[in-house]
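Quick look at query.pdb (PDB, C-alpha atoms and all ligand atoms):
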```
ATOM      1  CA  MET A  19     -27.840  -7.080 -13.632
ATOM      2  CA  VAL A  20     -26.758  -9.307 -10.738
ATOM      3  CA  ILE A  21     -23.525  -8.364  -8.972
ATOM      4  CA  ASN A  22     -21.963 -10.138  -6.028
ATOM      5  CA  MET A  23     -20.807  -8.521  -2.766
ATOM      6  CA  GLU A  24     -17.157  -8.217  -3.854
ATOM      7  CA  GLU A  25     -18.123  -6.450  -7.110
ATOM      8  CA  CYS A  26     -20.381  -4.161  -5.106
ATOM      9  CA  ILE A  27     -17.545  -3.177  -2.723
ATOM     10  CA  GLN A  28     -15.231  -2.588  -5.686
ATOM     11  CA  GLN A  29     -17.773  -0.342  -7.431
ATOM     12  CA  LYS A  30     -18.219   1.668  -4.216
ATOM     13  CA  SER A  31     -14.489   2.149  -3.786
ATOM     14  CA  LYS A  32     -14.132   3.392  -7.349
ATOM     15  CA  ILE A  33     -16.574   6.215  -6.636
ATOM     16  CA  SER A  34     -15.104   7.072  -3.229
ATOM     17  CA  GLU A  35     -14.168  10.620  -2.218
ATOM     18  CA  HIS A  36     -10.998  10.583  -4.354
ATOM     19  CA  THR A  37     -12.014   9.327  -7.751
ATOM     20  CA  SER A  38      -9.557   8.786 -10.543
ATOM     21  CA  GLU A  39     -10.316  12.372 -11.645
ATOM     22  CA  THR A  40      -8.792  13.944  -8.544
ATOM     23  CA  CYS A  41      -6.425  11.209  -7.327
ATOM     24  CA  ILE A  42      -2.744  12.174  -7.383
ATOM     25  CA  PHE A  43      -1.608   8.608  -8.129
ATOM     26  CA  CYS A  44      -4.063   8.332 -11.044
ATOM     27  CA  LYS A  45      -2.538  11.550 -12.389
ATOM     28  CA  ILE A  46       0.939   9.981 -12.128
ATOM     29  CA  ILE A  47      -0.327   6.829 -13.885
ATOM     30  CA  LYS A  48      -1.838   8.923 -16.699
ATOM     31  CA  GLY A  49       1.489  10.785 -17.042
ATOM     32  CA  GLU A  50      -0.076  14.112 -16.026
ATOM     33  CA  ILE A  51       2.431  14.639 -13.240
ATOM     34  CA  PRO A  52       5.997  13.310 -13.101
ATOM     35  CA  CYS A  53       7.413  10.568 -10.879
ATOM     36  CA  ALA A  54      10.720   8.746 -10.368
ATOM     37  CA  LYS A  55       9.482   5.519 -11.974
ATOM     38  CA  ILE A  56      11.331   2.293 -11.233
ATOM     39  CA  TYR A  57       8.939  -0.341 -12.640
ATOM     40  CA  GLU A  58       5.831  -0.613 -14.783
ATOM     41  CA  ASP A  59       3.762  -3.367 -16.362
ATOM     42  CA  ASP A  60       0.169  -3.486 -17.607
ATOM     43  CA  LYS A  61      -1.306  -3.612 -14.076
ATOM     44  CA  ILE A  62       1.233  -1.987 -11.733
ATOM     45  CA  ILE A  63       3.475   1.034 -11.487
ATOM     46  CA  SER A  64       6.237   1.578  -8.938
ATOM     47  CA  PHE A  65       7.981   4.875  -8.214
ATOM     48  CA  LEU A  66       9.949   6.465  -5.396
ATOM     49  CA  ASP A  67       8.140   8.267  -2.601
ATOM     50  CA  ILE A  68       8.519  12.032  -2.892
ATOM     51  CA  ALA A  69       9.049  12.320   0.892
ATOM     52  CA  PRO A  70      11.024   9.164   1.690
ATOM     53  CA  THR A  71      11.348   7.577   5.115
ATOM     54  CA  GLY A  72      14.733   6.287   3.971
ATOM     55  CA  LYS A  73      16.795   6.293   0.751
ATOM     56  CA  GLY A  74      15.029   4.193  -1.881
ATOM     57  CA  HIS A  75      11.574   4.243  -0.221
ATOM     58  CA  ALA A  76       9.379   2.921  -3.039
ATOM     59  CA  LEU A  77       5.640   2.814  -3.638
ATOM     60  CA  VAL A  78       3.905   0.012  -5.525
ATOM     61  CA  VAL A  79       0.593   1.142  -7.003
ATOM     62  CA  PRO A  80      -2.076  -0.709  -9.017
ATOM     63  CA  LYS A  81      -2.841   1.216 -12.209
ATOM     64  CA  GLU A  82      -6.578   0.942 -11.595
ATOM     65  CA  HIS A  83      -8.032   3.116  -8.833
ATOM     66  CA  TYR A  84      -9.056   1.110  -5.759
ATOM     67  CA  GLU A  85      -9.143   2.711  -2.358
ATOM     68  CA  THR A  86      -7.783   0.018  -0.032
ATOM     69  CA  LEU A  87      -6.259  -3.453  -0.076
ATOM     70  CA  ILE A  88      -9.671  -4.929   0.716
ATOM     71  CA  ASP A  89     -11.074  -3.428  -2.485
ATOM     72  CA  LEU A  90      -8.448  -4.976  -4.786
ATOM     73  CA  PRO A  91      -9.705  -8.026  -6.715
ATOM     74  CA  GLU A  92      -8.490 -11.321  -5.180
ATOM     75  CA  GLU A  93      -6.500 -12.325  -8.241
ATOM     76  CA  PHE A  94      -4.664  -8.994  -8.512
ATOM     77  CA  PRO A  95      -0.894  -9.713  -8.577
ATOM     78  CA  PHE A  96      -0.039  -7.105  -5.953
ATOM     79  CA  LEU A  97       2.217  -9.142  -3.676
ATOM     80  CA  SER A  98       4.253 -10.523  -6.561
ATOM     81  CA  ALA A  99       4.944  -6.943  -7.749
ATOM     82  CA  VAL A 100       5.900  -5.930  -4.201
ATOM     83  CA  LYS A 101       8.364  -8.847  -4.026
ATOM     84  CA  LYS A 102       9.842  -7.977  -7.428
ATOM     85  CA  VAL A 103      10.466  -4.346  -6.433
ATOM     86  CA  ALA A 104      11.789  -5.294  -2.964
ATOM     87  CA  ARG A 105      14.304  -7.702  -4.516
ATOM     88  CA  ALA A 106      15.537  -5.060  -6.988
ATOM     89  CA  GLN A 107      15.722  -2.459  -4.241
ATOM     90  CA  SER A 108      17.929  -4.562  -1.969
ATOM     91  CA  ALA A 109      20.122  -5.673  -4.906
ATOM     92  CA  ALA A 110      20.618  -2.057  -6.000
ATOM     93  CA  LEU A 111      21.092  -0.502  -2.564
ATOM     94  CA  GLY A 112      22.814  -3.358  -0.763
ATOM     95  CA  THR A 113      20.194  -3.347   1.998
ATOM     96  CA  ASP A 114      19.269  -6.583   3.716
ATOM     97  CA  GLY A 115      15.711  -5.985   4.912
ATOM     98  CA  PHE A 116      12.636  -3.876   4.319
ATOM     99  CA  ASN A 117       9.422  -2.805   5.969
ATOM    100  CA  LEU A 118       6.246  -3.324   3.968
ATOM    101  CA  VAL A 119       3.531  -0.844   4.965
ATOM    102  CA  ILE A 120       0.038  -0.544   3.555
ATOM    103  CA  ASN A 121      -2.071   2.109   5.249
ATOM    104  CA  ASN A 122      -5.774   1.432   4.831
ATOM    105  CA  LYS A 123      -8.212   4.287   5.535
ATOM    106  CA  ARG A 124      -7.624   7.606   7.250
ATOM    107  CA  SER A 125      -7.688   6.027  10.724
ATOM    108  CA  ALA A 126      -4.594   4.005   9.752
ATOM    109  CA  GLY A 127      -2.753   6.974   8.259
ATOM    110  CA  GLN A 128      -3.785   6.608   4.610
ATOM    111  CA  VAL A 129      -3.404  10.008   2.975
ATOM    112  CA  VAL A 130      -3.636   9.054  -0.706
ATOM    113  CA  SER A 131      -6.886   7.118  -1.213
ATOM    114  CA  HIS A 132      -5.492   4.872  -3.941
ATOM    115  CA  VAL A 133      -4.153   1.612  -2.543
ATOM    116  CA  HIS A 134      -0.364   1.458  -2.453
ATOM    117  CA  ALA A 135       2.386  -0.440  -0.675
ATOM    118  CA  HIS A 136       5.357   1.349   0.844
ATOM    119  CA  ILE A 137       8.612  -0.623   0.601
ATOM    120  CA  ILE A 138      11.122   0.915   2.977
ATOM    121  CA  PRO A 139      14.642  -0.512   2.651
ATOM    122  CA  ARG A 140      16.380  -1.309   5.918
ATOM    123  CA  GLN A 141      19.743  -2.282   7.291
ATOM    124  CA  ALA A 142      21.121  -2.510  10.820
ATOM    125  CA  ASN A 143      21.500   0.815  12.643
ATOM    126  CA  ASP A 144      20.113   2.813   9.721
ATOM    127  CA  GLY A 145      18.418   5.291  12.039
ATOM    128  CA  VAL A 146      14.982   4.714  10.514
ATOM    129  CA  PHE A 147      12.570   4.768  13.412
ATOM    130  CA  PHE A 148       9.853   2.228  12.926
ATOM    131  CA  GLU A 149       8.159   0.750  15.924
ATOM    132  CA  LEU A 150       4.773  -0.682  16.793
ATOM    133  CA  ARG A 151       3.987   0.057  20.402
ATOM    134  CA  HIS A 152       2.719  -2.960  22.304
ATOM    135  CA  ARG A 153       0.559  -3.074  25.399
ATOM    136  CA  LYS A 154      -0.269  -5.758  27.917
ATOM    137  CA  ALA A 155      -3.466  -7.755  27.423
ATOM    138  CA  THR A 156      -5.017 -10.492  29.521
ATOM    139  CA  GLU A 157      -5.291 -14.013  28.125
ATOM    140  CA  LYS A 158      -9.073 -13.641  28.341
ATOM    141  CA  GLU A 159      -9.099 -10.458  26.281
ATOM    142  CA  ILE A 160      -6.977 -12.110  23.590
ATOM    143  CA  ALA A 161      -9.115 -15.258  23.551
ATOM    144  CA  ASP A 162     -12.373 -13.242  23.418
ATOM    145  CA  VAL A 163     -11.203 -11.091  20.512
ATOM    146  CA  ALA A 164      -9.838 -14.129  18.639
ATOM    147  CA  GLU A 165     -13.236 -15.814  18.953
ATOM    148  CA  LYS A 166     -15.069 -12.672  17.854
ATOM    149  CA  ILE A 167     -12.948 -12.201  14.706
ATOM    150  CA  SER A 168     -12.888 -15.893  13.765
ATOM    151  CA  LYS A 169     -16.700 -15.914  13.628
ATOM    152  CA  PHE A 170     -16.455 -13.681  10.556
ATOM    153  CA  LEU A 171     -14.038 -16.005   8.765
TER     154      LEU A 171
HETATM  155  P1  LIG A 201      -0.089   7.079   2.702
HETATM  156  O1  LIG A 201      -0.006   7.834   3.988
HETATM  157  O2  LIG A 201       0.121   5.604   2.911
HETATM  158  O3  LIG A 201      -1.358   7.399   1.935
HETATM  159  O4  LIG A 201       1.154   7.563   1.872
HETATM  160  C1  LIG A 201       1.114   8.392   0.762
HETATM  161  C2  LIG A 201       2.536   8.586   0.303
HETATM  162  O5  LIG A 201       2.536   9.154  -0.980
HETATM  163  C3  LIG A 201       3.359   9.501   1.206
HETATM  164  O6  LIG A 201       4.483   8.789   1.716
HETATM  165  C4  LIG A 201       3.760  10.639   0.273
HETATM  166  O7  LIG A 201       5.070  11.113   0.532
HETATM  167  C5  LIG A 201       3.653   9.986  -1.084
HETATM  168  N1  LIG A 201       3.384  10.912  -2.180
HETATM  169  C6  LIG A 201       2.439  11.870  -2.241
HETATM  170  N2  LIG A 201       2.492  12.505  -3.421
HETATM  171  C7  LIG A 201       3.493  11.933  -4.136
HETATM  172  C8  LIG A 201       4.045  12.152  -5.441
HETATM  173  N3  LIG A 201       3.576  13.093  -6.243
HETATM  174  N4  LIG A 201       5.075  11.372  -5.840
HETATM  175  C9  LIG A 201       5.565  10.408  -5.020
HETATM  176  N5  LIG A 201       5.088  10.156  -3.796
HETATM  177  C10 LIG A 201       4.068  10.911  -3.348
HETATM  178 ZN    ZN A 202      -6.270   6.845  -8.071
END
```

Output the structure of this file as C-alpha cells.
Amino acid sequence: MVINMEECIQQKSKISEHTSETCIFCKIIKGEIPCAKIYEDDKIISFLDIAPTGKGHALVVPKEHYETLIDLPEEFPFLSAVKKVARAQSAALGTDGFNLVINNKRSAGQVVSHVHAHIIPRQANDGVFFELRHRKATEKEIADVAEKISKFL
C-alpha cells in the first residue's frame, strides 16, 4: 500500500502516547464522561472548559483523535466550527472579542493530546491576563530566521 507523507503523519499521531483509548476528550466524545456541551455535528464537538480562564471559555474538539493542528487533514472544517462557536459565545454573553488559543505539543503547554481550540471570550477590563512577552531582536536576526523558515515553504 502506498501512503503519502501527510497520511503517514496522521497515522503516527493516531498512535501517539494518548490514543483514543486513554484520551479524556475521546471519552467525552464517546459519552463515557460528562461535559457541558454547547455544539455538536458529525465532525466536531464543543463544550465548556472545566477550569475556565474566563466565563464561557469554550473548547472546540474534532471528534476524531489527532494530536495537533498539524495532524488534522487539510480539508477538516476546524476554523469554520471555531467561528460558529465564537459568534454564538459573543451573542450569548455580550462580549466583543475573544482569544483563540491552540496549544501544540507539551513545549507549548498542550496537556490534553487531542487537538482542540480554546475560545476565551473577552471584553475591555475583564481582568483576564493574557499577554505574549516580546523581546528585542536585530533586523539581521529577523531576516535570517525569515529566510530559514521560508526555505521550507
Ligand atoms: P491544553 O493545555 O491546551 O491541552 O488544555 C486542556 C484543557 O482541557 C484545559 O484548559 C483543561 O481545563 C481542559 N479540560 C481537561 N479536562 C476536561 C474535562 N473533563 N472537561 C472540560 N475541560 C477539560
Ligand atoms: Zn482523543

Dump as a tab-separated table the rows for residues of chain A within 10 Å of ligand ZN 202 (chain A): closest atom pair and distance in Å with one decimal, all atoms listed in the file counted, ordered by chain and rising residue number.
```
residue	atom	partner	partner_atom	distance
A:Lys32	CA	A:ZN202	ZN	8.6
A:His36	CA	A:ZN202	ZN	7.1
A:Thr37	CA	A:ZN202	ZN	6.3
A:Ser38	CA	A:ZN202	ZN	4.5
A:Glu39	CA	A:ZN202	ZN	7.7
A:Thr40	CA	A:ZN202	ZN	7.5
A:Cys41	CA	A:ZN202	ZN	4.4
A:Ile42	CA	A:ZN202	ZN	6.4
A:Phe43	CA	A:ZN202	ZN	5.0
A:Cys44	CA	A:ZN202	ZN	4.0
A:Lys45	CA	A:ZN202	ZN	7.4
A:Ile46	CA	A:ZN202	ZN	8.8
A:Ile47	CA	A:ZN202	ZN	8.3
A:Lys48	CA	A:ZN202	ZN	9.9
A:Val79	CA	A:ZN202	ZN	9.0
A:Pro80	CA	A:ZN202	ZN	8.7
A:Lys81	CA	A:ZN202	ZN	7.8
A:Glu82	CA	A:ZN202	ZN	6.9
A:His83	CA	A:ZN202	ZN	4.2
A:Tyr84	CA	A:ZN202	ZN	6.8
A:Glu85	CA	A:ZN202	ZN	7.6
A:Val130	CA	A:ZN202	ZN	8.1
A:Ser131	CA	A:ZN202	ZN	6.9
A:His132	CA	A:ZN202	ZN	4.6
A:Val133	CA	A:ZN202	ZN	7.9
A:His134	CA	A:ZN202	ZN	9.8
```

Taking only residues of chain A that have an atom at most 8 Å from an atom of ligand LIG 201 (chain A), what is each one's shortest atom pair and its distance in Å to one decimal, using all atoms listed in the file, in chain and number order, as CSV?
```
residue,atom,partner,partner_atom,distance
A:Ile42,CA,A:LIG201,N3,6.5
A:Phe43,CA,A:LIG201,N3,7.1
A:Ile46,CA,A:LIG201,N3,7.2
A:Ile51,CA,A:LIG201,N3,7.3
A:Pro52,CA,A:LIG201,N3,7.3
A:Cys53,CA,A:LIG201,N4,5.6
A:Ala54,CA,A:LIG201,C9,7.6
A:Phe65,CA,A:LIG201,C9,6.8
A:Leu66,CA,A:LIG201,C9,5.9
A:Asp67,CA,A:LIG201,N5,3.8
A:Ile68,CA,A:LIG201,C9,4.0
A:Ala69,CA,A:LIG201,O7,4.2
A:Pro70,CA,A:LIG201,O7,6.4
A:Thr71,CA,A:LIG201,O6,7.8
A:Leu77,CA,A:LIG201,N5,7.4
A:Val119,CA,A:LIG201,O2,7.6
A:Ile120,CA,A:LIG201,O2,6.2
A:Asn121,CA,A:LIG201,O2,4.7
A:Asn122,CA,A:LIG201,O2,7.5
A:Gly127,CA,A:LIG201,O1,5.2
A:Gln128,CA,A:LIG201,O3,3.7
A:Val129,CA,A:LIG201,O3,3.5
A:Val130,CA,A:LIG201,O3,3.9
A:Ser131,CA,A:LIG201,O3,6.4
A:His132,CA,A:LIG201,O3,7.6
A:Val133,CA,A:LIG201,O3,7.8
A:His134,CA,A:LIG201,O2,6.8
A:Ala135,CA,A:LIG201,O2,7.4
A:His136,CA,A:LIG201,O2,7.1
```

Point-to-point distance from CA of Ala104 in chain A to CA of Tyr57 in chain A, Å rounded to tenths
11.2 Å

At what distance in Å, to one decimal, does CA of Phe94 in chain A lie from CA of Ile138 in chain A?
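The value is 21.9 Å.
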
Take CA of Val100 in chain A and CA of Lys73 in chain A and report the distance between them in Å, one decimal.
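So the answer is 17.1 Å.
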